[in-house]
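Working notes for the structure below.
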Protein chains: 2
Amino acid sequence: MDGIRSIRAKSGTNLGGASAHNRRIMIDALRVNGALSRADLARATGLTPQAVSNIIEELARDGLVRSQASVRKGRGQPATPYQLVPEGAFAIGLQIDRHVTRTVIVNLVGDVLVQMEAKLPPGGPAQGVVVILDLIRKARNALAAQAPEAEKRLVGLGVAMPGPFGINTLYDDPWMMTAWQNFPLMDRIAEGTGLEVALQNDAAAAATAERLLGAAHGLDHAICIYFGYGLGAGLILNGELYGGAHANAGEIGMMLALVPGDGPDVEPLEHYASMAALCKLLDFDPSEPELFAMVTDAILRGGPKLEQWMDSVAERLRRTVQILESIFDPQTIILCGGAPRALIDRLVEKIEPLLPSIAERSRRYPEARLQAGLADPWSAALGAAAEPIARTFDPRFSAILKTV
Amino acid sequence: MDGIRSIRAKSGTNLGGASAHNRRIMIDALRVNGALSRADLARATGLTPQAVSNIIEELARDGLVRSQASVRKGRGQPATPYQLVPEGAFAIGLQIDRHVTRTVIVNLVGDVLVQMEAKLPPGGPAQGVVVILDLIRKARNALAAQAPEAEKRLVGLGVAMPGPFGINTLYDDPWMMTAWQNFPLMDRIAEGTGLEVALQNDAAAAATAERLLGAAHGLDHAICIYFGYGLGAGLILNGELYGGAHANAGEIGMMLALVPGDGPDVEPLEHYASMAALCKLLDFDPSEPELFAMVTDAILRGGPKLEQWMDSVAERLRRTVQILESIFDPQTIILCGGAPRALIDRLVEKIEPLLPSIAERSRRYPEARLQAGLADPWSAALGAAAEPIARTFDPRFSAILKTV
DNA sequence: TTTATTAAATCAATTCGCTTGACTTATTAG
DNA sequence: CTAATAAGTCAAGCGAATTGATTTAATAAA
C-alpha cells in the first residue's frame, strides 16, 4: 500500500509560455526605458525584429501600447517609438491597517486615479469587511465617472495588511491583527468584488510600489525597509519580490537585533522603530486622522525627547542596514514608509554615516547605499494596487510555466 | 549628442528555450524523486505524455537517463521507470583556501570519484596557480583511469574561494585573500584546463552541495550557514542559489551583529565564529594537515576554555539564526561547514533552544528549524563540483532565456 | 542632383517542439 | 472471458519564432 506518493517537480512549458514571457518583457522594457522602437526592442530582448513586430502589433490591438510620431535619428528609415498606454489597464489597491482602511485605483503606468479612506469599526473583521466592500464600491463608482471603459480593464485587487501571516503569536495585540488574520477576508473580498484578490504584507506592497514607480524603478536587487505602524522589509531579488516559504519573508520587525547597551531581554525591532513606538512616545492616538500632520509638526518643533528617540532609532536602523547589506549585497537600500516624509528624511540623514560593509565598493552604482523612498499614508495602498499590475504584466519565472 | 543610450531589458525566449527548460525539469524531477515513469513525469510537470516521451527518448540517447525493469502497479499497462545515469556527466570542483587547495570530481548524481589535495605555496597566486593546474591534471588522470569515457562528459569546473569579491578591504589579511582576488585566476584556470570555469564563495558552494545531495535536497527555500575558516551563508531561494547584485550575497561573516554585552566596537561575526577564531584560541596552525583531527580531539577532551568558546559562538549563531529566519522565512536553516563533524554537531546542540521567531509555526515541515549539514574538509570542493552540474542541468529562469 | 549606404520594418516561407486525438499494449477486477 | 484502466505510441496539426529576401525612408558621399 503505497498510498498517494506525491511527486515533486517543477512545471514544464511550451510555446504559449514563451509567448507570454515575450509579451511581458516588451511591456517591462517600455516601462523601464520609456518609448522604444521595434528595432530597439529587438536588440534589447534578443528576439528577431519580425517577432517583436508581431508582438507589438498584438499589444497595440489589445490597447496596451501605442505608437508615437516617428523620429529621424541619422541615416536609415526613421524609427516609430511605442509607449505604454496608461489606460491599458487598471488595478485596485486596498490597505487594511489597525484603525483605517485605504483604497487607491491606479492605471498601467501607476497614475493614481482614485483615492479614498474609511475608518475601521472596532468590532473586528466581520464588521470591517462591510466597510471595506462599501469603500471599494465607492472607489469603482468614482473610477467609472472618470473613465467609463476602465471597469472592463481592471486586472485585479491587491490587499496589503500587516504581517506576519499564519504563525504562532509571538506577542500580543495590538501589534498583530490576529482576529483579522483568522478571518476568511480574501474570500469575502473576492466574492464581494468579483475580482482576483491577492494578499501581501504592507512592506512587500511598498516594495512593489517602489519598483513600479519609485526609487527601485528598474533595479533588480533592492531592499525596501518599510517604516509604518510596524516595521518590515520588501525584498526585490532578481527583479522579483521574494516571499519566502510562507510569504513572511522580510519581517525584520521581528528581529531580535541588538545595539550597544541592549541586554538579553531585547524586544523585537519594531517595538523600538515604528510609528507605533513613536505614538507611544508622544502619547498620540494612532487612529487619529491628523496623525501625520501632528508627527510632522512635532518633528519640526523638535525637542530632546524626540531627538533622542530618532537618534536611537537611527542607530538601530544603521545596524539593520549593515546586516541587510551583508546578507543581500543589494544595489541599494530604500527607507520608505507609511510615515511622514519629514520623519523618513530625518531618519535617513541621521542614519548616515553608514557602518562599513561589503556595500562599500570603489565603483558604486549611481544608487547610494541608502536612500529615501515613498513616504506617505498611501504608499502601502499604492503598492497593493501595483501588485496586480506587476502580476499581470511583469516578467517572472512562474509566468512562463504551465499551471499544473 | 545622445551617445550610446543603453537600453535595459530582460531577454526573450523561443521554442528552444522552452525545450531546454523541459529537459532540465525532467532531470530535476528524477533527481528529487528517484526513478519515475514517463506517465509520472507527465503528470508532475504538466506536459503531455507525448512531449515527455520525446524528451525522455532524447535524454536516453544522450546517455543521461536509462530505463529500469518495468513495474506492475495495479490495473493497466505496467510502467517503465527511468532513472538518471550516474555516468551521464562529470564535473570538477576546486577549493582554494588560505593554505591548501582541494579538488574533487563528481558524477551526475554527486558520487565522488576523485579527491586530491595539495598545499599552497606561500608565494601567492602566481606560484599557486601552477600547483592548482598540476593538481587538476592529476585528478583528471585518475578519473581517466576509472572511467575512460568520462573526459568527454566533463561539463565544467567550479571554483570555491573565500569571499567577498571585488570590494574595498574592510580589514586586513589573513582574513581576506586580497592578492588572490586581484589575480586573473579564472582566466588562467580556464586556459590551463580548457573547461568552463565559474567562481563562487565557499558558502555558496557548500549550499549547492547541500541542495544536490545533502539536507537541502529538494528544498526550495533554505539557508546554509557555512562554518569554515571564515563564516558565510549560501542562500537557496526559490530553488536557486541567490548571489546578490555582485555575487557577494550571504556574507554574514561581515555582519556587525551584537550579542548581549557587546559594545560599539564589535568585530565582524566571523572574528568570533569561525575555524580561524578557534585556531587562534587553541593556538593551532591553520595550515596544519591534521587540523581536523586535532580539533575533534580537543572537543572530545573538552575543557573550560573550549566550552566557553563554544557557548559564546552558539549564542552568536542563535541570534544569527533568529535574524535569518525573520528575514528569509525559510523552510529550514542548515549549519554546515569546512569544519569537523563533532564541532558542527556540538554547535547545533548548543544553539538549541532557538529564540522565538516567525519560524515557530504550529504545522511545521518535516524539517526542523535548524539542522546539521555536511561537515568535512571537502564540502566546499564538493559544492564547487556540484555547481557545473547544477548550472548545466537544473531548471533556472535564466536557462530559458536567450543569451543576448 | 544623383547615387550609395544605412537602418527600420514587413512579407512569405520554414522550422521545430508541443498538442491533439485516435490507437496499441499490457495488466487487473469482476 | 470480458470490461476497465493505465502506459505509451503514431501521425497530423498548430503556433510563435526564425530565416532570408524585400520595401521604405532617411542621410552621406560623389
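Following the order of the C-alpha cells, first chain is A, next is B, and so on, with residues numbered from 1 inside each chain and ligands from 1 in the order they appear.
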Could you pull the residues within 9 Å of segment 5-10 of chain C, counting only C-alpha atoms (C1' of nucleotides), minus those fewer than 5 positions along the same chain, as a PDB file with N, CA, C and O atoms (P, O5', C5', C4', C3', O3' and C1' of nucleotides), in the first residue's frame?
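Done, and the output landed in around26.pdb:
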```pdb
ATOM      1  N   SER A  37      11.486  51.916 -30.095  1.00  0.00           N
ATOM      2  CA  SER A  37      11.050  51.424 -31.405  1.00  0.00           C
ATOM      3  C   SER A  37      11.099  49.897 -31.428  1.00  0.00           C
ATOM      4  O   SER A  37      11.715  49.266 -30.569  1.00  0.00           O
ATOM      5  N   ARG A  38      10.492  49.329 -32.424  1.00  0.00           N
ATOM      6  CA  ARG A  38      10.514  47.868 -32.544  1.00  0.00           C
ATOM      7  C   ARG A  38      11.947  47.360 -32.700  1.00  0.00           C
ATOM      8  O   ARG A  38      12.325  46.330 -32.143  1.00  0.00           O
ATOM      9  N   ALA A  39      12.741  48.116 -33.443  1.00  0.00           N
ATOM     10  CA  ALA A  39      14.136  47.702 -33.640  1.00  0.00           C
ATOM     11  C   ALA A  39      14.896  47.727 -32.317  1.00  0.00           C
ATOM     12  O   ALA A  39      15.661  46.811 -32.007  1.00  0.00           O
ATOM     13  N   PRO A  49      13.513  41.045 -35.209  1.00  0.00           N
ATOM     14  CA  PRO A  49      12.606  42.169 -35.477  1.00  0.00           C
ATOM     15  C   PRO A  49      11.213  41.695 -35.864  1.00  0.00           C
ATOM     16  O   PRO A  49      10.217  42.299 -35.480  1.00  0.00           O
ATOM     17  N   GLN A  50      11.165  40.626 -36.596  1.00  0.00           N
ATOM     18  CA  GLN A  50       9.858  40.128 -37.014  1.00  0.00           C
ATOM     19  C   GLN A  50       9.018  39.698 -35.817  1.00  0.00           C
ATOM     20  O   GLN A  50       7.832  40.025 -35.716  1.00  0.00           O
ATOM     21  N   SER A  53       7.816  42.691 -33.993  1.00  0.00           N
ATOM     22  CA  SER A  53       6.751  43.334 -34.748  1.00  0.00           C
ATOM     23  C   SER A  53       5.406  42.676 -34.471  1.00  0.00           C
ATOM     24  O   SER A  53       4.418  43.350 -34.203  1.00  0.00           O
ATOM     25  N   GLY A  74      19.469  60.002 -37.809  1.00  0.00           N
ATOM     26  CA  GLY A  74      20.566  59.630 -38.693  1.00  0.00           C
ATOM     27  C   GLY A  74      20.076  58.890 -39.915  1.00  0.00           C
ATOM     28  O   GLY A  74      18.890  58.877 -40.228  1.00  0.00           O
ATOM     29  N   ARG A  75      20.995  58.299 -40.556  1.00  0.00           N
ATOM     30  CA  ARG A  75      20.746  57.529 -41.762  1.00  0.00           C
ATOM     31  C   ARG A  75      19.732  56.419 -41.504  1.00  0.00           C
ATOM     32  O   ARG A  75      19.650  55.903 -40.408  1.00  0.00           O
ATOM     33  N   GLY A  76      19.013  56.054 -42.499  1.00  0.00           N
ATOM     34  CA  GLY A  76      18.080  54.954 -42.372  1.00  0.00           C
ATOM     35  C   GLY A  76      16.656  55.410 -42.121  1.00  0.00           C
ATOM     36  O   GLY A  76      16.410  56.568 -41.768  1.00  0.00           O
ATOM     37  N   GLN A  77      15.755  54.486 -42.324  1.00  0.00           N
ATOM     38  CA  GLN A  77      14.348  54.805 -42.098  1.00  0.00           C
ATOM     39  C   GLN A  77      14.133  55.249 -40.659  1.00  0.00           C
ATOM     40  O   GLN A  77      14.685  54.656 -39.744  1.00  0.00           O
ATOM     41  N   PRO A  78      13.335  56.306 -40.461  1.00  0.00           N
ATOM     42  CA  PRO A  78      13.114  56.772 -39.082  1.00  0.00           C
ATOM     43  C   PRO A  78      12.349  55.734 -38.270  1.00  0.00           C
ATOM     44  O   PRO A  78      11.555  54.970 -38.811  1.00  0.00           O
ATOM     45  N   ALA A  79      12.640  55.718 -36.971  1.00  0.00           N
ATOM     46  CA  ALA A  79      12.030  54.733 -36.089  1.00  0.00           C
ATOM     47  C   ALA A  79      10.692  55.224 -35.571  1.00  0.00           C
ATOM     48  O   ALA A  79      10.504  56.427 -35.372  1.00  0.00           O
ATOM     49  N   THR A  80       9.780  54.296 -35.358  1.00  0.00           N
ATOM     50  CA  THR A  80       8.498  54.629 -34.735  1.00  0.00           C
ATOM     51  C   THR A  80       8.507  54.115 -33.308  1.00  0.00           C
ATOM     52  O   THR A  80       8.447  52.914 -33.085  1.00  0.00           O
TER      53      THR A  80
ATOM     54  P    DT D  22      14.535  39.314 -53.266  1.00  0.00           P
ATOM     55  O5'  DT D  22      13.641  40.399 -52.550  1.00  0.00           O
ATOM     56  C5'  DT D  22      12.293  40.079 -52.197  1.00  0.00           C
ATOM     57  C4'  DT D  22      11.626  41.289 -51.577  1.00  0.00           C
ATOM     58  C3'  DT D  22      11.899  42.607 -52.301  1.00  0.00           C
ATOM     59  O3'  DT D  22      10.665  43.225 -52.630  1.00  0.00           O
ATOM     60  C1'  DT D  22      12.238  42.852 -49.978  1.00  0.00           C
ATOM     61  P    DT D  23      10.647  44.547 -53.472  1.00  0.00           P
ATOM     62  O5'  DT D  23      10.159  45.613 -52.407  1.00  0.00           O
ATOM     63  C5'  DT D  23       9.012  45.327 -51.609  1.00  0.00           C
ATOM     64  C4'  DT D  23       8.864  46.400 -50.559  1.00  0.00           C
ATOM     65  C3'  DT D  23       8.970  47.824 -51.092  1.00  0.00           C
ATOM     66  O3'  DT D  23       7.881  48.580 -50.597  1.00  0.00           O
ATOM     67  C1'  DT D  23      10.422  47.529 -49.266  1.00  0.00           C
ATOM     68  P    DT D  24       7.607  50.056 -51.123  1.00  0.00           P
ATOM     69  O5'  DT D  24       8.129  50.948 -49.916  1.00  0.00           O
ATOM     70  C5'  DT D  24       7.654  50.702 -48.603  1.00  0.00           C
ATOM     71  C4'  DT D  24       8.421  51.574 -47.638  1.00  0.00           C
ATOM     72  C3'  DT D  24       8.609  53.023 -48.107  1.00  0.00           C
ATOM     73  O3'  DT D  24       8.121  53.887 -47.102  1.00  0.00           O
ATOM     74  C1'  DT D  24      10.654  52.098 -47.347  1.00  0.00           C
ATOM     75  P    DA D  25       7.936  55.456 -47.401  1.00  0.00           P
ATOM     76  O5'  DA D  25       9.211  56.067 -46.663  1.00  0.00           O
ATOM     77  C5'  DA D  25       9.378  55.846 -45.269  1.00  0.00           C
ATOM     78  C4'  DA D  25      10.732  56.366 -44.857  1.00  0.00           C
ATOM     79  C3'  DA D  25      11.065  57.752 -45.402  1.00  0.00           C
ATOM     80  O3'  DA D  25      11.577  58.545 -44.342  1.00  0.00           O
ATOM     81  C1'  DA D  25      12.817  56.272 -45.842  1.00  0.00           C
ATOM     82  P    DA D  26      11.310  60.125 -44.308  1.00  0.00           P
ATOM     83  O5'  DA D  26      12.806  60.677 -44.268  1.00  0.00           O
ATOM     84  C5'  DA D  26      13.485  60.731 -43.058  1.00  0.00           C
ATOM     85  C4'  DA D  26      14.869  60.125 -43.166  1.00  0.00           C
ATOM     86  C3'  DA D  26      15.968  61.020 -43.718  1.00  0.00           C
ATOM     87  O3'  DA D  26      16.426  61.892 -42.717  1.00  0.00           O
ATOM     88  C1'  DA D  26      16.242  58.718 -44.320  1.00  0.00           C
ATOM     89  P    DT D  27      17.365  63.138 -43.116  1.00  0.00           P
ATOM     90  O5'  DT D  27      18.795  62.469 -43.213  1.00  0.00           O
ATOM     91  C5'  DT D  27      19.355  61.805 -42.075  1.00  0.00           C
ATOM     92  C4'  DT D  27      20.706  61.214 -42.451  1.00  0.00           C
ATOM     93  C3'  DT D  27      21.753  62.236 -42.874  1.00  0.00           C
ATOM     94  O3'  DT D  27      22.999  61.876 -42.288  1.00  0.00           O
ATOM     95  C1'  DT D  27      21.443  60.663 -44.607  1.00  0.00           C
ATOM     96  P    DA D  28      24.250  62.827 -42.403  1.00  0.00           P
ATOM     97  O5'  DA D  28      25.110  62.040 -43.493  1.00  0.00           O
ATOM     98  C5'  DA D  28      25.487  60.690 -43.232  1.00  0.00           C
ATOM     99  C4'  DA D  28      26.471  60.232 -44.288  1.00  0.00           C
ATOM    100  C3'  DA D  28      27.558  61.244 -44.649  1.00  0.00           C
ATOM    101  O3'  DA D  28      28.780  60.533 -44.829  1.00  0.00           O
ATOM    102  C1'  DA D  28      26.232  60.791 -46.583  1.00  0.00           C
TER     103       DA D  28
END
```
Can you pull out the residues contacting DA21 of chain D? Cut-off 12 Å, using only C-alpha atoms (C1' of nucleotides), and skip same-chain residues under 4 positions away; I want them as a PDB file with N, CA and C atoms (P, O5', C5', C4', C3', O3' and C1' of nucleotides), in the first residue's frame.
```pdb
ATOM      1  P    DT C  10       6.099  46.877 -39.381  1.00  0.00           P
ATOM      2  O5'  DT C  10       5.976  46.031 -40.724  1.00  0.00           O
ATOM      3  C5'  DT C  10       5.899  46.723 -41.974  1.00  0.00           C
ATOM      4  C4'  DT C  10       6.091  45.734 -43.102  1.00  0.00           C
ATOM      5  C3'  DT C  10       5.225  44.473 -42.992  1.00  0.00           C
ATOM      6  O3'  DT C  10       4.506  44.342 -44.211  1.00  0.00           O
ATOM      7  C1'  DT C  10       7.468  43.909 -43.457  1.00  0.00           C
ATOM      8  P    DC C  11       3.282  43.344 -44.316  1.00  0.00           P
ATOM      9  O5'  DC C  11       3.861  42.244 -45.315  1.00  0.00           O
ATOM     10  C5'  DC C  11       4.670  42.660 -46.412  1.00  0.00           C
ATOM     11  C4'  DC C  11       5.122  41.448 -47.210  1.00  0.00           C
ATOM     12  C3'  DC C  11       4.210  40.233 -47.095  1.00  0.00           C
ATOM     13  O3'  DC C  11       4.048  39.662 -48.386  1.00  0.00           O
ATOM     14  C1'  DC C  11       6.422  39.658 -46.408  1.00  0.00           C
ATOM     15  P    DA C  12       2.986  38.491 -48.614  1.00  0.00           P
ATOM     16  O5'  DA C  12       3.915  37.198 -48.619  1.00  0.00           O
ATOM     17  C5'  DA C  12       5.138  37.218 -49.351  1.00  0.00           C
ATOM     18  C4'  DA C  12       5.847  35.896 -49.200  1.00  0.00           C
ATOM     19  C3'  DA C  12       4.924  34.699 -48.989  1.00  0.00           C
ATOM     20  O3'  DA C  12       5.482  33.583 -49.675  1.00  0.00           O
ATOM     21  C1'  DA C  12       6.374  34.863 -47.159  1.00  0.00           C
ATOM     22  P    DA C  13       4.736  32.188 -49.701  1.00  0.00           P
ATOM     23  O5'  DA C  13       5.887  31.229 -49.150  1.00  0.00           O
ATOM     24  C5'  DA C  13       7.228  31.436 -49.600  1.00  0.00           C
ATOM     25  C4'  DA C  13       8.182  30.721 -48.679  1.00  0.00           C
ATOM     26  C3'  DA C  13       7.763  29.288 -48.329  1.00  0.00           C
ATOM     27  O3'  DA C  13       8.893  28.448 -48.454  1.00  0.00           O
ATOM     28  C1'  DA C  13       8.138  30.520 -46.358  1.00  0.00           C
TER      29       DA C  13
END
```
Give as a ChimeraX atom specification every residue of chain A that touches chain B within 7 Å, counting only C-alpha atoms. /A:7-15,18,22,25,29,33,44-47,167-168,221,244-246,248-252,254-256,258-264,322-323,326-331,357-358,360-362,397,402,404
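Separating atom CA of Ala215 of chain A from atom CA of Cys336 of chain A is a distance of 9.5 Å.
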Extract the full set of helix (DSSP H, G or I) residues from segment 63-256 of chain A according to DSSP on the backbone, and format it as a VMD selection string. chain A and resid 86 to 88 125 to 146 150 to 153 178 to 181 185 to 193 202 to 213 252 to 254
Long-range neighbours of Gly123 of chain A as a list in words, 12 Å cut-off, only C-alpha atoms (C1' of nucleotides), 5 positions minimum in chain: Arg98, His99, Gly128, Val129, Val130, Val131, Ala179 and Trp180 of chain A
Save out the residues we just selected, all heavy atoms, as a JSON list (two decimals), in the first residue's frame.
```json
[["chain", "number", "residue", "atom", "x", "y", "z"],
["A", 98, "ARG", "N", -4.53, 48.99, 11.24],
["A", 98, "ARG", "CA", -5.20, 48.70, 12.51],
["A", 98, "ARG", "C", -6.49, 49.51, 12.69],
["A", 98, "ARG", "O", -7.47, 49.00, 13.22],
["A", 98, "ARG", "CB", -4.27, 48.99, 13.70],
["A", 98, "ARG", "CG", -3.31, 47.87, 14.04],
["A", 98, "ARG", "CD", -2.11, 47.88, 13.15],
["A", 98, "ARG", "NE", -1.08, 46.92, 13.54],
["A", 98, "ARG", "CZ", 0.01, 46.71, 12.81],
["A", 98, "ARG", "NH1", 0.19, 47.35, 11.68],
["A", 98, "ARG", "NH2", 0.92, 45.85, 13.19],
["A", 99, "HIS", "N", -6.44, 50.74, 12.24],
["A", 99, "HIS", "CA", -7.58, 51.60, 12.56],
["A", 99, "HIS", "C", -8.27, 52.16, 11.34],
["A", 99, "HIS", "O", -9.26, 52.84, 11.45],
["A", 99, "HIS", "CB", -7.11, 52.77, 13.44],
["A", 99, "HIS", "CG", -6.28, 52.33, 14.59],
["A", 99, "HIS", "ND1", -6.80, 51.69, 15.69],
["A", 99, "HIS", "CD2", -4.95, 52.40, 14.81],
["A", 99, "HIS", "CE1", -5.84, 51.40, 16.53],
["A", 99, "HIS", "NE2", -4.69, 51.82, 16.02],
["A", 128, "GLY", "N", -15.80, 44.95, 9.80],
["A", 128, "GLY", "CA", -14.85, 45.67, 8.95],
["A", 128, "GLY", "C", -15.03, 45.38, 7.48],
["A", 128, "GLY", "O", -14.96, 46.29, 6.65],
["A", 129, "VAL", "N", -15.33, 44.14, 7.14],
["A", 129, "VAL", "CA", -15.42, 43.77, 5.74],
["A", 129, "VAL", "C", -16.58, 44.49, 5.05],
["A", 129, "VAL", "O", -16.52, 44.80, 3.85],
["A", 129, "VAL", "CB", -15.52, 42.23, 5.59],
["A", 129, "VAL", "CG1", -16.89, 41.74, 5.94],
["A", 129, "VAL", "CG2", -15.13, 41.81, 4.20],
["A", 130, "VAL", "N", -17.60, 44.82, 5.80],
["A", 130, "VAL", "CA", -18.72, 45.58, 5.23],
["A", 130, "VAL", "C", -18.24, 46.97, 4.83],
["A", 130, "VAL", "O", -18.51, 47.44, 3.72],
["A", 130, "VAL", "CB", -19.86, 45.69, 6.27],
["A", 130, "VAL", "CG1", -20.99, 46.53, 5.70],
["A", 130, "VAL", "CG2", -20.34, 44.32, 6.69],
["A", 131, "VAL", "N", -17.50, 47.60, 5.73],
["A", 131, "VAL", "CA", -16.95, 48.93, 5.44],
["A", 131, "VAL", "C", -16.03, 48.86, 4.22],
["A", 131, "VAL", "O", -16.07, 49.73, 3.33],
["A", 131, "VAL", "CB", -16.17, 49.45, 6.66],
["A", 131, "VAL", "CG1", -15.47, 50.76, 6.34],
["A", 131, "VAL", "CG2", -17.10, 49.61, 7.85],
["A", 179, "ALA", "N", -7.16, 38.64, 14.97],
["A", 179, "ALA", "CA", -8.54, 38.36, 14.59],
["A", 179, "ALA", "C", -8.72, 38.49, 13.07],
["A", 179, "ALA", "O", -9.38, 37.67, 12.43],
["A", 179, "ALA", "CB", -9.48, 39.33, 15.30],
["A", 180, "TRP", "N", -8.08, 39.48, 12.48],
["A", 180, "TRP", "CA", -8.19, 39.70, 11.05],
["A", 180, "TRP", "C", -7.56, 38.56, 10.27],
["A", 180, "TRP", "O", -8.02, 38.20, 9.19],
["A", 180, "TRP", "CB", -7.51, 41.01, 10.66],
["A", 180, "TRP", "CG", -8.35, 42.19, 10.97],
["A", 180, "TRP", "CD1", -8.44, 42.87, 12.15],
["A", 180, "TRP", "CD2", -9.26, 42.84, 10.08],
["A", 180, "TRP", "NE1", -9.33, 43.89, 12.06],
["A", 180, "TRP", "CE2", -9.86, 43.91, 10.79],
["A", 180, "TRP", "CE3", -9.64, 42.64, 8.75],
["A", 180, "TRP", "CZ2", -10.80, 44.76, 10.21],
["A", 180, "TRP", "CZ3", -10.57, 43.49, 8.19],
["A", 180, "TRP", "CH2", -11.15, 44.53, 8.90]]
```
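Going from atom CA of Leu195 of chain B to atom CA of Leu157 of chain B covers 6.3 Å.
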Do you have, as a Markdown table, the list of residues of chain C lying at most 12 Å from chain B, each with its nearest atom pair and that distance in Å to one decimal, counting only C-alpha atoms (C1' of nucleotides) and ordered by chain then number?
```
| residue | atom | partner | partner_atom | distance |
| --- | --- | --- | --- | --- |
| C:DT15 | C1' | B:Leu15 | CA | 10.2 |
| C:DC16 | C1' | B:Leu15 | CA | 7.4 |
| C:DG17 | C1' | B:Leu15 | CA | 6.6 |
| C:DC18 | C1' | B:Ala51 | CA | 6.2 |
| C:DT19 | C1' | B:Thr48 | CA | 7.4 |
| C:DT20 | C1' | B:Thr48 | CA | 9.9 |
| C:DG21 | C1' | B:Gln50 | CA | 11.9 |
| C:DT24 | C1' | B:Gln77 | CA | 11.0 |
| C:DT25 | C1' | B:Gln77 | CA | 7.0 |
| C:DA26 | C1' | B:Gln77 | CA | 4.2 |
| C:DT27 | C1' | B:Gly76 | CA | 4.7 |
| C:DT28 | C1' | B:Arg75 | CA | 4.3 |
| C:DA29 | C1' | B:Arg75 | CA | 7.9 |
```
Shell around segment 385-394 of chain B at 8 Å using only C-alpha atoms (C1' of nucleotides), local window under 6 positions removed, as an MDAnalysis selection string: chainID B and resid 24:25 27:28 89:94 104:106 108 110 155:159 198 205 208:209 212
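Take atom CA of Ala381 of chain A and atom CA of Ala314 of chain A: the distance between them is 25.8 Å.
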Give me the chain D side of the contact with chain B, cut-off 9 Å, one line per residue showing its nearest atom pair and distance in Å at one decimal, counting only C-alpha atoms (C1' of nucleotides), sorted by chain and residue number, as CSV.
```
residue,atom,partner,partner_atom,distance
D:DA4,C1',B:Arg75,CA,8.2
D:DT5,C1',B:Gly76,CA,5.0
D:DA6,C1',B:Gly76,CA,4.0
D:DA7,C1',B:Gln77,CA,5.1
D:DG8,C1',B:Pro49,CA,7.8
D:DT9,C1',B:Gln50,CA,7.9
D:DA16,C1',B:Asn14,CA,7.8
D:DA17,C1',B:Asn14,CA,6.1
```
Using DSSP on the backbone coordinates, identify all residues within segment 177-321 of chain B classified as strand (DSSP E or B); present the result as number ranges by chain. B: 197-201, 222-227, 231-237, 240-242
Saved selection, atoms kept: C-alpha atoms, as a CSV table (one decimal), in the first residue's frame:
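The result, stored in part03.csv:
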```csv
chain,number,residue,atom,x,y,z
B,197,VAL,CA,35.1,27.8,-15.1
B,198,ALA,CA,32.8,29.5,-12.6
B,199,LEU,CA,33.6,31.1,-9.3
B,200,GLN,CA,31.6,31.0,-6.1
B,201,ASN,CA,32.4,31.8,-2.5
B,222,ALA,CA,16.9,27.0,2.7
B,223,ILE,CA,19.8,29.0,4.3
B,224,CYS,CA,23.1,27.2,4.7
B,225,ILE,CA,25.4,28.7,7.3
B,226,TYR,CA,28.9,27.7,6.3
B,227,PHE,CA,31.3,27.5,9.2
B,231,LEU,CA,31.8,32.3,8.1
B,232,GLY,CA,29.3,32.7,5.3
B,233,ALA,CA,25.8,31.7,4.2
B,234,GLY,CA,24.6,30.1,1.0
B,235,LEU,CA,21.1,31.3,0.1
B,236,ILE,CA,18.7,29.0,-1.7
B,237,LEU,CA,15.7,31.0,-2.7
B,240,GLU,CA,18.1,28.7,-6.9
B,241,LEU,CA,21.2,30.0,-5.3
B,242,TYR,CA,20.9,33.7,-4.8
```
